[in-house]
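Chemist: Sharing a structure here in structure tokens format.
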Amino acid sequence: MSDGRETSLPLPKFVEWSIFPFEGDLRVRQPKPLYPTDRPRTGEPGGGPCPACAAADDEYIWVDKHWRVSAARPSGVPVQLFLETREHLDMDDLDDELAGELGQMTVRLDRAIQAIGGIGRVHVARWGDGGSHFHMWFYGRPRGAGQMLGFCLPMWAQILPPTPDELWQANMAVVATELAKVSGTAIASP
Ligand SMILES: [Zn+2]
């Protein structure tokens, strides 16, 4: 009798790693054939309006002339943020000036997130598959969280109970204040 499992791909090694959040009887989903093209993202024809373009500055924790930083809630890590361009641009639309600023903003956010204390590493990701408005993900991994290393942190951030509101707000205020020491306006306050 077949249960279809012989058509599945073998499980990768990482399912046995301690950082992988799941255990038990796992199997690989059967990969589907490619669609002719990607599905439309928000801000693209057929993908609905762009939420970033509709958002006012007071919905962010920090803003300046070219960039805005928002809190990505709920999250089980102490800090989770989006860095966005103010203008509706995708990553490959950035000119040399904005591309240079992106590098500076990435390093500034790394330092600002570490300033809350107790952060082991700041993780940075750009997927861009859901929204067409440029946004980069930042996660503050708790120091000593040896089970949340590397690519599993975004999963743990959705699995763990959300960081309590008061602590979250205090952490946002630290990040915003640190960023505002260089440029822009801190919106988040303790
Ligand atoms: Zn937009």
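Quick note on naming: the chains in the structure tokens go A, B, ... in the order shown, residues restart at 1 in each chain, and ligands are numbered from 1 in order of appearance.
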Extract, using only C-alpha atoms, all DNA, RNA and protein residues at most 10 Å from Cys53 of chain A, discarding same-chain residues fewer than 2 positions from it, and format them as a PyMOL selection string.

Modeler: chain A and resi 43+49-51+55-56+85-88+133

Chemist: For all heavy atoms, I'd like the residues from the last selection saved as a PDB file, in the first residue's frame.

Modeler:
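What ended up in again.pdb:
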ATOM      1  N   GLY A  43       0.834  46.803  -3.759  1.00  0.00           N
ATOM      2  CA  GLY A  43       1.444  47.931  -4.459  1.00  0.00           C
ATOM      3  C   GLY A  43       1.703  47.664  -5.932  1.00  0.00           C
ATOM      4  O   GLY A  43       2.226  48.533  -6.629  1.00  0.00           O
ATOM      5  N   PRO A  49      -3.665  47.724  -2.655  1.00  0.00           N
ATOM      6  CA  PRO A  49      -2.922  48.960  -2.364  1.00  0.00           C
ATOM      7  C   PRO A  49      -1.674  48.707  -1.522  1.00  0.00           C
ATOM      8  O   PRO A  49      -1.557  47.673  -0.860  1.00  0.00           O
ATOM      9  CB  PRO A  49      -3.945  49.797  -1.580  1.00  0.00           C
ATOM     10  CG  PRO A  49      -4.944  48.827  -1.063  1.00  0.00           C
ATOM     11  CD  PRO A  49      -4.966  47.667  -1.995  1.00  0.00           C
ATOM     12  N   CYS A  50      -0.756  49.672  -1.546  1.00  0.00           N
ATOM     13  CA  CYS A  50       0.490  49.553  -0.777  1.00  0.00           C
ATOM     14  C   CYS A  50       0.261  50.105   0.633  1.00  0.00           C
ATOM     15  O   CYS A  50       0.020  51.302   0.795  1.00  0.00           O
ATOM     16  CB  CYS A  50       1.610  50.328  -1.459  1.00  0.00           C
ATOM     17  SG  CYS A  50       3.108  50.351  -0.458  1.00  0.00           S
ATOM     18  N   PRO A  51       0.347  49.244   1.662  1.00  0.00           N
ATOM     19  CA  PRO A  51       0.113  49.742   3.021  1.00  0.00           C
ATOM     20  C   PRO A  51       1.187  50.733   3.482  1.00  0.00           C
ATOM     21  O   PRO A  51       0.888  51.650   4.260  1.00  0.00           O
ATOM     22  CB  PRO A  51       0.123  48.467   3.883  1.00  0.00           C
ATOM     23  CG  PRO A  51       0.668  47.384   3.043  1.00  0.00           C
ATOM     24  CD  PRO A  51       0.577  47.803   1.611  1.00  0.00           C
ATOM     25  N   ALA A  55       0.650  54.684   5.055  1.00  0.00           N
ATOM     26  CA  ALA A  55       0.923  54.846   6.491  1.00  0.00           C
ATOM     27  C   ALA A  55       1.518  56.221   6.783  1.00  0.00           C
ATOM     28  O   ALA A  55       2.408  56.700   6.065  1.00  0.00           O
ATOM     29  CB  ALA A  55       1.882  53.757   6.964  1.00  0.00           C
ATOM     30  N   ALA A  56       1.000  56.858   7.843  1.00  0.00           N
ATOM     31  CA  ALA A  56       1.519  58.160   8.272  1.00  0.00           C
ATOM     32  C   ALA A  56       2.778  57.961   9.120  1.00  0.00           C
ATOM     33  O   ALA A  56       3.021  56.877   9.656  1.00  0.00           O
ATOM     34  CB  ALA A  56       0.450  58.879   9.090  1.00  0.00           C
ATOM     35  N   THR A  85      11.947  52.314   2.597  1.00  0.00           N
ATOM     36  CA  THR A  85      12.155  53.591   1.918  1.00  0.00           C
ATOM     37  C   THR A  85      10.904  54.442   2.109  1.00  0.00           C
ATOM     38  O   THR A  85       9.799  53.915   2.248  1.00  0.00           O
ATOM     39  CB  THR A  85      12.372  53.373   0.412  1.00  0.00           C
ATOM     40  OG1 THR A  85      11.378  52.450  -0.068  1.00  0.00           O
ATOM     41  CG2 THR A  85      13.748  52.834   0.115  1.00  0.00           C
ATOM     42  N   ARG A  86      11.072  55.748   2.147  1.00  0.00           N
ATOM     43  CA  ARG A  86       9.901  56.627   2.231  1.00  0.00           C
ATOM     44  C   ARG A  86       9.118  56.586   0.915  1.00  0.00           C
ATOM     45  O   ARG A  86       7.898  56.531   0.898  1.00  0.00           O
ATOM     46  CB  ARG A  86      10.347  58.052   2.564  1.00  0.00           C
ATOM     47  CG  ARG A  86       9.209  59.024   2.714  1.00  0.00           C
ATOM     48  CD  ARG A  86       9.694  60.380   3.140  1.00  0.00           C
ATOM     49  NE  ARG A  86       9.969  60.480   4.566  1.00  0.00           N
ATOM     50  CZ  ARG A  86       9.033  60.597   5.513  1.00  0.00           C
ATOM     51  NH1 ARG A  86       7.765  60.601   5.185  1.00  0.00           N
ATOM     52  NH2 ARG A  86       9.367  60.703   6.784  1.00  0.00           N
ATOM     53  N   GLU A  87       9.838  56.606  -0.172  1.00  0.00           N
ATOM     54  CA  GLU A  87       9.207  56.545  -1.500  1.00  0.00           C
ATOM     55  C   GLU A  87       8.854  55.104  -1.852  1.00  0.00           C
ATOM     56  O   GLU A  87       9.494  54.170  -1.354  1.00  0.00           O
ATOM     57  CB  GLU A  87      10.213  57.033  -2.559  1.00  0.00           C
ATOM     58  CG  GLU A  87       9.977  58.409  -3.101  1.00  0.00           C
ATOM     59  CD  GLU A  87      10.868  58.627  -4.311  1.00  0.00           C
ATOM     60  OE1 GLU A  87      12.074  58.870  -4.111  1.00  0.00           O
ATOM     61  OE2 GLU A  87      10.368  58.533  -5.431  1.00  0.00           O
ATOM     62  N   HIS A  88       7.882  54.939  -2.735  1.00  0.00           N
ATOM     63  CA  HIS A  88       7.555  53.594  -3.202  1.00  0.00           C
ATOM     64  C   HIS A  88       8.594  53.146  -4.238  1.00  0.00           C
ATOM     65  O   HIS A  88       8.491  53.442  -5.432  1.00  0.00           O
ATOM     66  CB  HIS A  88       6.147  53.530  -3.801  1.00  0.00           C
ATOM     67  CG  HIS A  88       5.735  52.124  -4.095  1.00  0.00           C
ATOM     68  ND1 HIS A  88       4.941  51.371  -3.248  1.00  0.00           N
ATOM     69  CD2 HIS A  88       6.053  51.306  -5.114  1.00  0.00           C
ATOM     70  CE1 HIS A  88       4.784  50.166  -3.756  1.00  0.00           C
ATOM     71  NE2 HIS A  88       5.448  50.109  -4.898  1.00  0.00           N
ATOM     72  N   HIS A 133       6.875  47.504  -1.913  1.00  0.00           N
ATOM     73  CA  HIS A 133       7.529  48.688  -1.331  1.00  0.00           C
ATOM     74  C   HIS A 133       8.753  48.188  -0.556  1.00  0.00           C
ATOM     75  O   HIS A 133       8.623  47.357   0.351  1.00  0.00           O
ATOM     76  CB  HIS A 133       6.521  49.383  -0.403  1.00  0.00           C
ATOM     77  CG  HIS A 133       6.937  50.742   0.042  1.00  0.00           C
ATOM     78  ND1 HIS A 133       6.158  51.861  -0.138  1.00  0.00           N
ATOM     79  CD2 HIS A 133       8.056  51.171   0.675  1.00  0.00           C
ATOM     80  CE1 HIS A 133       6.773  52.918   0.364  1.00  0.00           C
ATOM     81  NE2 HIS A 133       7.933  52.518   0.871  1.00  0.00           N
TER      82      HIS A 133
END

Chemist: Identify all residues of chain A in helix (DSSP H, G or I) (DSSP on the backbone) and supply them as a VMD selection string.

Modeler: chain A and resid 5 to 7 13 to 16 51 to 54 57 to 59 91 to 93 96 to 114 150 to 159 165 to 180

Chemist: Can I get the selected residues back with C-alpha atoms, as an mmCIF file, in the first residue's frame?

Modeler:
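Everything below was put into out.cif:
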data_model
loop_
_atom_site.group_PDB
_atom_site.id
_atom_site.type_symbol
_atom_site.label_atom_id
_atom_site.label_comp_id
_atom_site.auth_asym_id
_atom_site.auth_seq_id
_atom_site.Cartn_x
_atom_site.Cartn_y
_atom_site.Cartn_z
ATOM 1 C CA ARG A 5 5.647 9.046 0.870
ATOM 2 C CA GLU A 6 7.915 7.507 -1.744
ATOM 3 C CA THR A 7 7.260 10.600 -3.889
ATOM 4 C CA LYS A 13 19.733 17.409 7.915
ATOM 5 C CA PHE A 14 18.617 20.614 9.621
ATOM 6 C CA VAL A 15 15.405 19.042 10.902
ATOM 7 C CA GLU A 16 17.647 17.252 13.426
ATOM 8 C CA PRO A 51 0.113 49.742 3.021
ATOM 9 C CA ALA A 52 3.482 51.507 3.435
ATOM 10 C CA CYS A 53 2.490 54.374 1.116
ATOM 11 C CA ALA A 54 -0.784 54.781 3.062
ATOM 12 C CA ASP A 57 4.823 58.951 9.998
ATOM 13 C CA ASP A 58 3.266 58.491 13.434
ATOM 14 C CA GLU A 59 2.799 54.789 12.661
ATOM 15 C CA MET A 91 15.372 47.326 -4.112
ATOM 16 C CA ASP A 92 16.559 47.530 -7.711
ATOM 17 C CA ASP A 93 15.101 51.051 -7.988
ATOM 18 C CA ASP A 96 23.602 55.085 -5.780
ATOM 19 C CA GLU A 97 22.790 57.618 -3.071
ATOM 20 C CA LEU A 98 19.969 55.530 -1.575
ATOM 21 C CA ALA A 99 21.965 52.309 -1.991
ATOM 22 C CA GLY A 100 24.795 53.899 -0.021
ATOM 23 C CA GLU A 101 22.341 55.073 2.645
ATOM 24 C CA LEU A 102 20.904 51.565 2.842
ATOM 25 C CA GLY A 103 24.319 50.278 3.886
ATOM 26 C CA GLN A 104 24.615 53.017 6.499
ATOM 27 C CA MET A 105 21.065 52.436 7.791
ATOM 28 C CA THR A 106 21.733 48.689 8.069
ATOM 29 C CA VAL A 107 24.794 49.303 10.249
ATOM 30 C CA ARG A 108 23.050 52.034 12.262
ATOM 31 C CA LEU A 109 20.115 49.708 12.983
ATOM 32 C CA ASP A 110 22.491 46.912 13.982
ATOM 33 C CA ARG A 111 24.033 49.234 16.579
ATOM 34 C CA ALA A 112 20.713 50.760 17.679
ATOM 35 C CA ILE A 113 19.137 47.335 18.260
ATOM 36 C CA GLN A 114 22.187 46.166 20.225
ATOM 37 C CA GLY A 150 20.565 31.554 11.962
ATOM 38 C CA PHE A 151 17.662 30.979 9.636
ATOM 39 C CA CYS A 152 15.360 29.542 12.331
ATOM 40 C CA LEU A 153 15.030 32.817 14.248
ATOM 41 C CA PRO A 154 12.156 34.192 12.100
ATOM 42 C CA MET A 155 10.203 31.006 12.883
ATOM 43 C CA TRP A 156 10.941 31.206 16.624
ATOM 44 C CA ALA A 157 9.846 34.872 16.573
ATOM 45 C CA GLN A 158 6.365 33.690 15.527
ATOM 46 C CA ILE A 159 6.299 30.707 17.893
ATOM 47 C CA ASP A 165 3.945 45.554 25.596
ATOM 48 C CA GLU A 166 5.842 47.604 28.165
ATOM 49 C CA LEU A 167 9.188 45.994 27.386
ATOM 50 C CA TRP A 168 8.506 46.175 23.653
ATOM 51 C CA GLN A 169 7.705 49.890 23.823
ATOM 52 C CA ALA A 170 10.844 50.562 25.880
ATOM 53 C CA ASN A 171 12.962 48.680 23.339
ATOM 54 C CA MET A 172 11.407 50.623 20.428
ATOM 55 C CA ALA A 173 12.193 53.875 22.211
ATOM 56 C CA VAL A 174 15.859 52.886 22.646
ATOM 57 C CA VAL A 175 16.209 52.045 18.959
ATOM 58 C CA ALA A 176 14.466 55.266 17.878
ATOM 59 C CA THR A 177 16.579 57.401 20.221
ATOM 60 C CA GLU A 178 19.806 55.793 19.020
ATOM 61 C CA LEU A 179 18.877 56.369 15.366
ATOM 62 C CA ALA A 180 17.913 59.996 16.057
#

Chemist: Using only C-alpha atoms, which protein or nucleic acid residues come within 9 Å of Leu9 of chain A? Drop anything in the same chain fewer than 6 positions from it, and give the result as a list of chain:residue names.

Modeler: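 Selected residues are A:Arg27, A:Val28, A:Arg29, A:Gln30, A:Pro31.
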
Chemist: According to DSSP computed on the backbone, where in chain A is there strand (DSSP E)? Give the residues as a PyMOL selection string.

Modeler: chain A and resi 62-63+67-71+79-85+119-125+135-142+185-186

Chemist: Now that the selection is made, can you save its residues with N, CA, C and O atoms as a compact mmCIF listing (two decimals), in the first residue's frame?

Modeler:
# COMPACT_ATOMS: atom_id res chain seq x y z
N TRP A 62 10.62 55.68 13.91
CA TRP A 62 11.64 56.68 13.56
C TRP A 62 11.49 56.97 12.07
O TRP A 62 11.17 56.06 11.29
N VAL A 63 11.72 58.24 11.69
CA VAL A 63 11.64 58.60 10.27
C VAL A 63 12.73 59.62 9.95
O VAL A 63 13.18 60.38 10.83
N TRP A 67 14.00 57.49 4.75
CA TRP A 67 13.78 56.17 5.37
C TRP A 67 12.78 56.25 6.51
O TRP A 67 12.68 57.27 7.18
N ARG A 68 12.09 55.12 6.74
CA ARG A 68 11.21 55.02 7.90
C ARG A 68 11.40 53.62 8.51
O ARG A 68 11.64 52.64 7.80
N VAL A 69 11.31 53.55 9.83
CA VAL A 69 11.49 52.28 10.56
C VAL A 69 10.21 52.00 11.34
O VAL A 69 9.74 52.87 12.09
N SER A 70 9.65 50.80 11.14
CA SER A 70 8.42 50.45 11.85
C SER A 70 8.63 49.21 12.70
O SER A 70 9.51 48.39 12.44
N ALA A 71 7.80 49.08 13.72
CA ALA A 71 7.83 47.91 14.60
C ALA A 71 7.03 46.79 13.95
O ALA A 71 5.94 47.02 13.44
N VAL A 79 13.18 42.69 19.76
CA VAL A 79 13.05 43.73 18.75
C VAL A 79 12.85 43.07 17.39
O VAL A 79 13.62 42.17 17.01
N GLN A 80 11.84 43.51 16.67
CA GLN A 80 11.68 43.10 15.27
C GLN A 80 11.16 44.32 14.52
O GLN A 80 10.16 44.92 14.90
N LEU A 81 11.86 44.69 13.46
CA LEU A 81 11.61 45.96 12.77
C LEU A 81 11.61 45.78 11.26
O LEU A 81 12.21 44.84 10.73
N PHE A 82 10.98 46.76 10.60
CA PHE A 82 11.15 46.91 9.16
C PHE A 82 11.85 48.24 8.90
O PHE A 82 11.47 49.27 9.46
N LEU A 83 12.84 48.21 8.03
CA LEU A 83 13.39 49.43 7.44
C LEU A 83 12.77 49.59 6.06
O LEU A 83 12.83 48.66 5.25
N GLU A 84 12.16 50.75 5.82
CA GLU A 84 11.49 50.99 4.54
C GLU A 84 12.00 52.27 3.90
O GLU A 84 12.36 53.21 4.61
N THR A 85 11.95 52.31 2.60
CA THR A 85 12.16 53.59 1.92
C THR A 85 10.90 54.44 2.11
O THR A 85 9.80 53.91 2.25
N ILE A 119 21.31 41.60 23.54
CA ILE A 119 21.16 41.10 22.17
C ILE A 119 22.44 40.35 21.76
O ILE A 119 23.55 40.87 21.90
N GLY A 120 22.26 39.13 21.28
CA GLY A 120 23.41 38.35 20.83
C GLY A 120 23.84 38.71 19.43
O GLY A 120 25.03 38.81 19.12
N ARG A 121 22.87 38.89 18.55
CA ARG A 121 23.15 39.24 17.14
C ARG A 121 21.91 39.88 16.55
O ARG A 121 20.79 39.52 16.90
N VAL A 122 22.14 40.80 15.61
CA VAL A 122 21.04 41.38 14.85
C VAL A 122 21.00 40.66 13.50
O VAL A 122 21.99 40.64 12.78
N HIS A 123 19.86 40.07 13.21
CA HIS A 123 19.69 39.36 11.93
C HIS A 123 18.97 40.27 10.95
O HIS A 123 18.03 41.00 11.33
N VAL A 124 19.38 40.22 9.69
CA VAL A 124 18.85 41.10 8.65
C VAL A 124 18.42 40.26 7.45
O VAL A 124 19.15 39.35 7.06
N ALA A 125 17.22 40.54 6.93
CA ALA A 125 16.75 39.77 5.78
C ALA A 125 15.96 40.65 4.82
O ALA A 125 15.28 41.59 5.24
N HIS A 135 11.37 46.92 1.76
CA HIS A 135 11.42 46.76 3.22
C HIS A 135 12.41 45.67 3.57
O HIS A 135 12.51 44.66 2.88
N MET A 136 13.17 45.91 4.62
CA MET A 136 14.16 44.95 5.09
C MET A 136 13.81 44.59 6.53
O MET A 136 13.36 45.43 7.29
N TRP A 137 13.97 43.31 6.85
CA TRP A 137 13.60 42.80 8.17
C TRP A 137 14.80 42.83 9.10
O TRP A 137 15.90 42.40 8.71
N PHE A 138 14.58 43.27 10.32
CA PHE A 138 15.63 43.25 11.36
C PHE A 138 15.09 42.53 12.59
O PHE A 138 14.00 42.85 13.08
N TYR A 139 15.87 41.58 13.09
CA TYR A 139 15.51 40.82 14.29
C TYR A 139 16.63 40.95 15.30
O TYR A 139 17.81 40.77 14.96
N GLY A 140 16.30 41.25 16.54
CA GLY A 140 17.27 41.20 17.62
C GLY A 140 17.19 39.85 18.30
O GLY A 140 16.20 39.56 18.97
N ARG A 141 18.22 39.01 18.10
CA ARG A 141 18.20 37.69 18.75
C ARG A 141 18.71 37.82 20.18
O ARG A 141 19.77 38.40 20.40
N PRO A 142 17.96 37.30 21.16
CA PRO A 142 18.44 37.39 22.55
C PRO A 142 19.80 36.71 22.70
O PRO A 142 20.04 35.64 22.13
N THR A 185 13.97 61.73 13.11
CA THR A 185 13.12 62.03 14.25
C THR A 185 12.68 60.74 14.92
O THR A 185 12.15 59.84 14.25
N ALA A 186 12.87 60.66 16.23
CA ALA A 186 12.36 59.52 17.00
C ALA A 186 10.88 59.72 17.24
O ALA A 186 10.47 60.76 17.75

Chemist: Would you mind telling me which residue in A:Val77, A:Leu34, A:Ile19, A:Leu89 lies nearest to ligand 1 when using only C-alpha atoms and all ligand atoms?

Modeler: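 Selected residue with least distance to ligand 1: A:Leu89.
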
Chemist: Nearest to ligand 1 among A:Pro33, A:Gly24, A:Gly76, A:Gly130, with distances taken over only C-alpha atoms and all ligand atoms: which residue is it?

Modeler: A:Gly130

Chemist: Can you measure atom CA of Ile187 of chain A to atom CA of Tyr60 of chain A for me? One decimal in Å is fine.

Modeler: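 Taking atom CA of Ile187 of chain A and atom CA of Tyr60 of chain A, their separation equals 6.6 Å.
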